[in-house]
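Novice: What follows is a structure written as structure tokens; I'll ask about it next.
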Amino acid sequence: MMLVTICIGSGCHIKGSRQIIEVLQAKIQSHRLEAQIELEGCFCQGHCTEGVVLKIDGVMVTGVSKENIEALFNQRILEVLRP
Ligand code: FES
């Protein structure tokens, strides 16, 4: 099970963490990865100026946006689970 944690603190919220979650939920569903990925929210990770911040199995990724979330999902999540 891969754990993807998205910061929902106010800094990341303002930068669109809600939309990032929605994109991830849609991608997980369309690739039928519900049993392999756990999505969860977390509070401020102390990198607000670099938001949106998420963690993939504990590895922090900063600067996540609706422009790059799709590439990030493909490279850091999909390719790991379905090499
Ligand atoms: S609000 Fe996300 S790192 Fe601070």
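Chain identifiers are assigned as A, B, and so on, following the order in which chains appear in the structure tokens; residues are numbered from 1 within each chain, and ligands are numbered from 1 in order of appearance.
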Any chance you could list, as a VMD selection string, the residues in chain A that come up helix (DSSP H, G or I) when DSSP is run on the backbone?
Specialist: chain A and resid 10 to 14 17 to 30 48 to 50 69 to 81
Novice: Just want the residues within 6 Å of ligand 1, written as an mmCIF file with all heavy atoms, in the first residue's frame, counting only C-alpha atoms and all ligand atoms.
Specialist:
```
data_model
loop_
_atom_site.group_PDB
_atom_site.id
_atom_site.type_symbol
_atom_site.label_atom_id
_atom_site.label_comp_id
_atom_site.auth_asym_id
_atom_site.auth_seq_id
_atom_site.Cartn_x
_atom_site.Cartn_y
_atom_site.Cartn_z
ATOM 1 N N CYS A 7 -0.878 17.983 2.115
ATOM 2 C CA CYS A 7 -1.015 19.021 3.139
ATOM 3 C C CYS A 7 -2.287 19.822 2.888
ATOM 4 O O CYS A 7 -2.507 20.325 1.787
ATOM 5 C CB CYS A 7 0.193 19.946 3.117
ATOM 6 S SG CYS A 7 0.017 21.289 4.311
ATOM 7 N N GLY A 9 -3.048 22.254 5.195
ATOM 8 C CA GLY A 9 -2.864 23.469 6.000
ATOM 9 C C GLY A 9 -3.273 24.680 5.186
ATOM 10 O O GLY A 9 -3.437 24.600 3.964
ATOM 11 N N SER A 10 -3.421 25.842 5.837
ATOM 12 C CA SER A 10 -3.992 26.994 5.131
ATOM 13 C C SER A 10 -3.126 27.449 3.962
ATOM 14 O O SER A 10 -3.658 27.821 2.911
ATOM 15 C CB SER A 10 -4.285 28.143 6.098
ATOM 16 O OG SER A 10 -3.180 28.367 6.920
ATOM 17 N N GLY A 11 -1.802 27.401 4.087
ATOM 18 C CA GLY A 11 -0.928 27.817 2.985
ATOM 19 C C GLY A 11 -1.146 26.964 1.753
ATOM 20 O O GLY A 11 -1.296 27.474 0.637
ATOM 21 N N CYS A 12 -1.169 25.669 1.934
ATOM 22 C CA CYS A 12 -1.365 24.755 0.796
ATOM 23 C C CYS A 12 -2.813 24.778 0.308
ATOM 24 O O CYS A 12 -3.063 24.631 -0.885
ATOM 25 C CB CYS A 12 -0.942 23.339 1.171
ATOM 26 S SG CYS A 12 0.853 23.179 1.345
ATOM 27 N N CYS A 44 -0.040 21.442 8.352
ATOM 28 C CA CYS A 44 1.128 22.149 7.822
ATOM 29 C C CYS A 44 2.423 21.376 8.054
ATOM 30 O O CYS A 44 2.701 20.913 9.155
ATOM 31 C CB CYS A 44 1.217 23.529 8.458
ATOM 32 S SG CYS A 44 2.636 24.462 7.869
ATOM 33 N N GLN A 45 3.200 21.279 6.992
ATOM 34 C CA GLN A 45 4.476 20.549 7.035
ATOM 35 C C GLN A 45 5.668 21.496 7.151
ATOM 36 O O GLN A 45 6.820 21.074 7.029
ATOM 37 C CB GLN A 45 4.623 19.691 5.773
ATOM 38 C CG GLN A 45 3.514 18.665 5.598
ATOM 39 C CD GLN A 45 3.548 17.618 6.706
ATOM 40 O OE1 GLN A 45 4.534 16.915 6.868
ATOM 41 N NE2 GLN A 45 2.470 17.532 7.481
ATOM 42 N N GLY A 46 5.380 22.783 7.345
ATOM 43 C CA GLY A 46 6.452 23.754 7.532
ATOM 44 C C GLY A 46 7.115 24.217 6.249
ATOM 45 O O GLY A 46 8.185 24.808 6.282
ATOM 46 N N HIS A 47 6.488 23.947 5.111
ATOM 47 C CA HIS A 47 7.049 24.371 3.820
ATOM 48 C C HIS A 47 6.000 25.145 3.026
ATOM 49 O O HIS A 47 5.871 24.968 1.814
ATOM 50 C CB HIS A 47 7.511 23.143 3.020
ATOM 51 C CG HIS A 47 8.704 22.457 3.600
ATOM 52 N ND1 HIS A 47 9.993 22.755 3.216
ATOM 53 C CD2 HIS A 47 8.806 21.519 4.560
ATOM 54 C CE1 HIS A 47 10.845 22.002 3.918
ATOM 55 N NE2 HIS A 47 10.137 21.243 4.732
ATOM 56 N N CYS A 48 5.257 26.003 3.721
ATOM 57 C CA CYS A 48 4.111 26.681 3.103
ATOM 58 C C CYS A 48 4.498 27.464 1.851
ATOM 59 O O CYS A 48 3.731 27.497 0.896
ATOM 60 C CB CYS A 48 3.468 27.636 4.092
ATOM 61 S SG CYS A 48 3.239 26.911 5.712
ATOM 62 N N GLY A 51 4.424 25.311 -1.254
ATOM 63 C CA GLY A 51 3.256 24.467 -1.462
ATOM 64 C C GLY A 51 2.802 24.394 -2.901
ATOM 65 O O GLY A 51 3.269 25.160 -3.723
ATOM 66 N N VAL A 53 2.351 20.945 -0.812
ATOM 67 C CA VAL A 53 3.277 19.932 -0.352
ATOM 68 C C VAL A 53 2.547 18.594 -0.238
ATOM 69 O O VAL A 53 1.428 18.525 0.278
ATOM 70 C CB VAL A 53 3.833 20.329 1.039
ATOM 71 C CG1 VAL A 53 4.622 19.206 1.663
ATOM 72 C CG2 VAL A 53 4.676 21.595 0.936
#
```
Novice: Excluding same-chain residues fewer than 3 positions from A:Ile6, what lies within 12 Å of it counting only C-alpha atoms, as a ChimeraX atom specification?
Specialist: /A:3,9,12-13,16-25,38-45,51-65,69
Novice: Take the residues from that selection and write them out as an mmCIF file, in the first residue's frame, keeping C-alpha atoms.
Specialist:
```
data_model
loop_
_atom_site.group_PDB
_atom_site.id
_atom_site.type_symbol
_atom_site.label_atom_id
_atom_site.label_comp_id
_atom_site.auth_asym_id
_atom_site.auth_seq_id
_atom_site.Cartn_x
_atom_site.Cartn_y
_atom_site.Cartn_z
ATOM 1 C CA LEU A 3 0.590 6.248 1.299
ATOM 2 C CA GLY A 9 -2.864 23.469 6.000
ATOM 3 C CA CYS A 12 -1.365 24.755 0.796
ATOM 4 C CA HIS A 13 -5.141 25.098 0.821
ATOM 5 C CA GLY A 16 -5.076 24.555 -4.353
ATOM 6 C CA SER A 17 -4.527 21.411 -2.294
ATOM 7 C CA ARG A 18 -8.264 20.645 -2.557
ATOM 8 C CA GLN A 19 -8.026 20.483 -6.358
ATOM 9 C CA ILE A 20 -4.885 18.361 -6.108
ATOM 10 C CA ILE A 21 -6.803 15.869 -3.954
ATOM 11 C CA GLU A 22 -9.652 15.799 -6.476
ATOM 12 C CA VAL A 23 -7.270 15.133 -9.366
ATOM 13 C CA LEU A 24 -5.556 12.354 -7.410
ATOM 14 C CA GLN A 25 -8.889 10.761 -6.468
ATOM 15 C CA GLU A 38 -4.154 5.402 0.582
ATOM 16 C CA LEU A 39 -4.793 9.151 0.312
ATOM 17 C CA GLU A 40 -4.776 11.205 3.457
ATOM 18 C CA GLY A 41 -4.629 14.832 4.473
ATOM 19 C CA CYS A 42 -2.168 16.326 6.932
ATOM 20 C CA PHE A 43 -1.596 19.643 8.617
ATOM 21 C CA CYS A 44 1.128 22.149 7.822
ATOM 22 C CA GLN A 45 4.476 20.549 7.035
ATOM 23 C CA GLY A 51 3.256 24.467 -1.462
ATOM 24 C CA VAL A 52 1.370 22.512 -2.357
ATOM 25 C CA VAL A 53 3.277 19.932 -0.352
ATOM 26 C CA LEU A 54 2.620 16.211 -0.471
ATOM 27 C CA LYS A 55 4.410 13.098 0.664
ATOM 28 C CA ILE A 56 4.673 9.807 -1.152
ATOM 29 C CA ASP A 57 5.526 7.083 1.349
ATOM 30 C CA GLY A 58 7.093 9.740 3.557
ATOM 31 C CA VAL A 59 9.147 11.405 0.799
ATOM 32 C CA MET A 60 8.245 15.067 0.560
ATOM 33 C CA VAL A 61 7.414 16.652 -2.793
ATOM 34 C CA THR A 62 6.988 20.425 -2.915
ATOM 35 C CA GLY A 63 5.669 22.791 -5.569
ATOM 36 C CA VAL A 64 2.776 20.548 -6.542
ATOM 37 C CA SER A 65 0.201 22.335 -8.689
ATOM 38 C CA ILE A 69 0.093 16.896 -10.674
#
```
Novice: Could you state the separation of atom CA of A:Gln36 and atom CA of A:Glu50 in Å, given to one decimal place?
Specialist: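 Those two atoms sit 27.6 Å apart.
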Novice: Using backbone DSSP assignments, extract all strand (DSSP E or B) residues from stretch 34-78 of chain A; output them as a ChimeraX atom specification.
Specialist: /A:37-42,54-56,59-61
Novice: Go ahead and write the selection's residues with C-alpha atoms as a CSV table (one decimal), in the first residue's frame.
Specialist:
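Ended up saving to part_9.csv:
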```
chain,number,residue,atom,x,y,z
A,37,ILE,CA,-3.0,3.8,-2.6
A,38,GLU,CA,-4.2,5.4,0.6
A,39,LEU,CA,-4.8,9.2,0.3
A,40,GLU,CA,-4.8,11.2,3.5
A,41,GLY,CA,-4.6,14.8,4.5
A,42,CYS,CA,-2.2,16.3,6.9
A,54,LEU,CA,2.6,16.2,-0.5
A,55,LYS,CA,4.4,13.1,0.7
A,56,ILE,CA,4.7,9.8,-1.2
A,59,VAL,CA,9.1,11.4,0.8
A,60,MET,CA,8.2,15.1,0.6
A,61,VAL,CA,7.4,16.7,-2.8
```
Novice: Quick one: distance from atom CA of A:Gln75 to atom CA of A:Thr5 in Å, one decimal?
Specialist: 16.6 Å
Novice: What separation in Å, quoted to one decimal, exists between atom CA of A:Ser30 and atom CA of A:Glu67?
Specialist: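 Between atom CA of A:Ser30 and atom CA of A:Glu67 the gap works out to 18.8 Å.
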